[in-house]
Amino acid sequence: MNILETIEQLKKEKDAVILAHYYVEGEVQAAADYVGDSFYLSKLAAGLPNKTLVFCGVSFMGESGKLLSPDKTVLMPDLEADCPMAHMVTKEAVQAAREKYPDLAVVCYVNSTAEIKSWSDVCVTSANAVKIVRNLPNEHIFFIPDKNLARHVAQQVPEKHILIHDGYCPVHEEMKAEEIKALKEGHPQAKVLAHPECNAKVLELADYIGSTSGIIAYAADSPAKEFIIATEEGVLYELERKRPDAAFYFAETRPVCEGMKRITLEKVAQALRDGENLLDVKEELKEPAGRTLKRMLEIASGKGK
Ligand code: 13P
Ligand code: SF4
């Protein structure tokens, strides 16, 4: 049996499904039952009938799956696959902001630990952050941890006072605007599609700013034939599937997320086989962190405030 057949058989034995983010290797995306952005994966986790969820991504994704489906078995092919930004805020910073603004809403990006989610009022992803912040009743918002997404939201929702924290994604923050400019000069017809985690200079060059799914959907529907992609290179797999006729260019310093690239097919098979890479969340965090994520799903679906 080859590795894909082994995975298929193990999935049946364990009543498991594989969920993968667009940044993991193409061969892992190809083996997954569902591939998507963080919002899509969170929504799915809340409603799938299977007993076991295998999260091919970084730990905050598995945690979100567990928080939204606490009775399910959540497996991570690599428990060390992590997102550095997910840790970039302290409880003291949140407390200080709450003391300063009594009506404050603490909005945490989904790229955050379960503990950070437990201190927050509502979670957002890059796909719904603007909509959710706009719909909050609060005037003052503390947006944690990502400064670049926070600034993008502040531009889109000028009626709110948004306090910006100083967290960042190393992959997107360090992308060089000069390299994107050089690509634009070489390909003047190309559209620049950027993730809102990119630094301000890169975002200024963008024709479209959106989540990984948003970027893929834009390219799929666009009449353009060339695209400059300012996000992690893993999206290329789906971009090429959706637009085999188009050309995609990335910055010369290739944006690669080390955490995402830790996931391999062998580790997926191993996690299914021995069931040892169980992801769990501390008991005392389950309710408050889960509430933050559920509120996101409610507001995003138009039901909550
Ligand atoms: P998306 O929610 O757009 O998939 O982004 C997740 C992420 O980690 C971006 O770096
Ligand atoms: Fe975290 Fe950045 Fe990797 Fe996304 S690309 S998971 S934000 S380190």
# chains A, B, ... in the order shown; residues from 1 in each chain; ligands from 1
>>> residues_around(residues="region 95-104 of chain A", least_positions_apart="3", cutoff="8 Å", atoms="only C-alpha atoms", output="VMD selection string")
chain A and resid 91 to 92 138 to 142
>>> residues_around(residues="Pro77 (chain A)", least_positions_apart="6", cutoff="12 Å", atoms="only C-alpha atoms", output="PyMOL selection string")
chain A and resi 18-20+24+28+53-59+62+259-279
>>> residues_near_ligand(ligand="ligand 2", cutoff="6 Å", atoms="only C-alpha atoms and all ligand atoms", output="list in words")
Cys83, Pro84, Met85, Cys169, Pro170, Val171 and Cys257 of chain A
>>> write_last_selection(atoms="all heavy atoms", output="compact mmCIF listing (two decimals), in the first residue's frame")
# COMPACT_ATOMS: atom_id res chain seq x y z
N CYS A 83 2.48 28.79 15.35
CA CYS A 83 2.50 30.11 14.72
C CYS A 83 3.07 31.08 15.75
O CYS A 83 2.45 31.30 16.79
CB CYS A 83 1.06 30.50 14.36
SG CYS A 83 0.87 32.25 13.95
N PRO A 84 4.23 31.69 15.48
CA PRO A 84 4.83 32.58 16.49
C PRO A 84 3.91 33.73 16.88
O PRO A 84 3.86 34.14 18.04
CB PRO A 84 6.13 33.08 15.84
CG PRO A 84 6.17 32.53 14.46
CD PRO A 84 5.08 31.52 14.29
N MET A 85 3.15 34.27 15.91
CA MET A 85 2.28 35.39 16.24
C MET A 85 1.23 35.03 17.27
O MET A 85 0.77 35.88 18.04
CB MET A 85 1.58 35.91 14.99
CG MET A 85 0.56 36.98 15.31
SD MET A 85 0.11 37.97 13.94
CE MET A 85 -0.66 36.83 12.86
N CYS A 169 3.13 38.58 11.99
CA CYS A 169 3.55 37.31 11.41
C CYS A 169 4.91 37.54 10.75
O CYS A 169 5.02 38.37 9.85
CB CYS A 169 2.54 36.87 10.35
SG CYS A 169 3.26 35.68 9.18
N PRO A 170 5.94 36.81 11.17
CA PRO A 170 7.27 37.05 10.58
C PRO A 170 7.28 36.86 9.06
O PRO A 170 7.97 37.59 8.35
CB PRO A 170 8.16 36.01 11.26
CG PRO A 170 7.41 35.52 12.45
CD PRO A 170 5.95 35.78 12.21
N VAL A 171 6.50 35.92 8.56
CA VAL A 171 6.51 35.64 7.11
C VAL A 171 5.97 36.84 6.33
O VAL A 171 6.54 37.24 5.31
CB VAL A 171 5.64 34.39 6.81
CG1 VAL A 171 5.60 34.09 5.33
CG2 VAL A 171 6.12 33.19 7.61
N CYS A 257 6.18 29.56 5.62
CA CYS A 257 5.86 29.42 7.05
C CYS A 257 6.42 28.08 7.54
O CYS A 257 5.96 27.02 7.12
CB CYS A 257 4.35 29.45 7.23
SG CYS A 257 3.85 29.09 8.92
>>> residues_near_ligand(ligand="ligand 1", cutoff="8 Å", atoms="only C-alpha atoms and all ligand atoms", output="ChimeraX atom specification")
/A:21-23,36-39,83,110-111,125-127,169,171-172,195,197,210-214,231-232
>>> atom_distance(atom1="CA of Leu293 (chain A)", atom2="CA of Leu68 (chain A)")
7.4 Å
>>> residues_around(residues="Lys286 (chain A)", least_positions_apart="4", cutoff="10 Å", atoms="only C-alpha atoms", output="list in words")
Glu63, Lys66, Leu67, Leu68, Pro70, Ala114, Glu115, Lys117, Ser118, Asp280, Val281, Lys282, Gly290 and Arg291 of chain A
>>> residues_around(residues="Ser301 (chain A)", least_positions_apart="4", cutoff="12 Å", atoms="only C-alpha atoms", output="PyMOL selection string")
chain A and resi 39+43+128+131-132+135+294-297+305
>>> write_last_selection(atoms="C-alpha atoms", output="tab-separated table (two decimals), in the first residue's frame")
chain	number	residue	atom	x	y	z
A	39	PHE	CA	-12.48	30.74	8.95
A	43	LYS	CA	-16.80	26.63	10.66
A	128	ASN	CA	-14.39	38.32	8.65
A	131	LYS	CA	-17.45	42.70	9.27
A	132	ILE	CA	-17.19	41.64	12.91
A	135	ASN	CA	-20.89	45.05	13.94
A	294	LYS	CA	-18.66	30.87	18.91
A	295	ARG	CA	-19.43	34.57	19.08
A	296	MET	CA	-17.35	35.02	15.92
A	297	LEU	CA	-19.40	32.36	14.12
A	305	LYS	CA	-23.85	41.10	18.14
>>> atom_distance(atom1="CA of His187 (chain A)", atom2="CA of Leu149 (chain A)")
27.0 Å
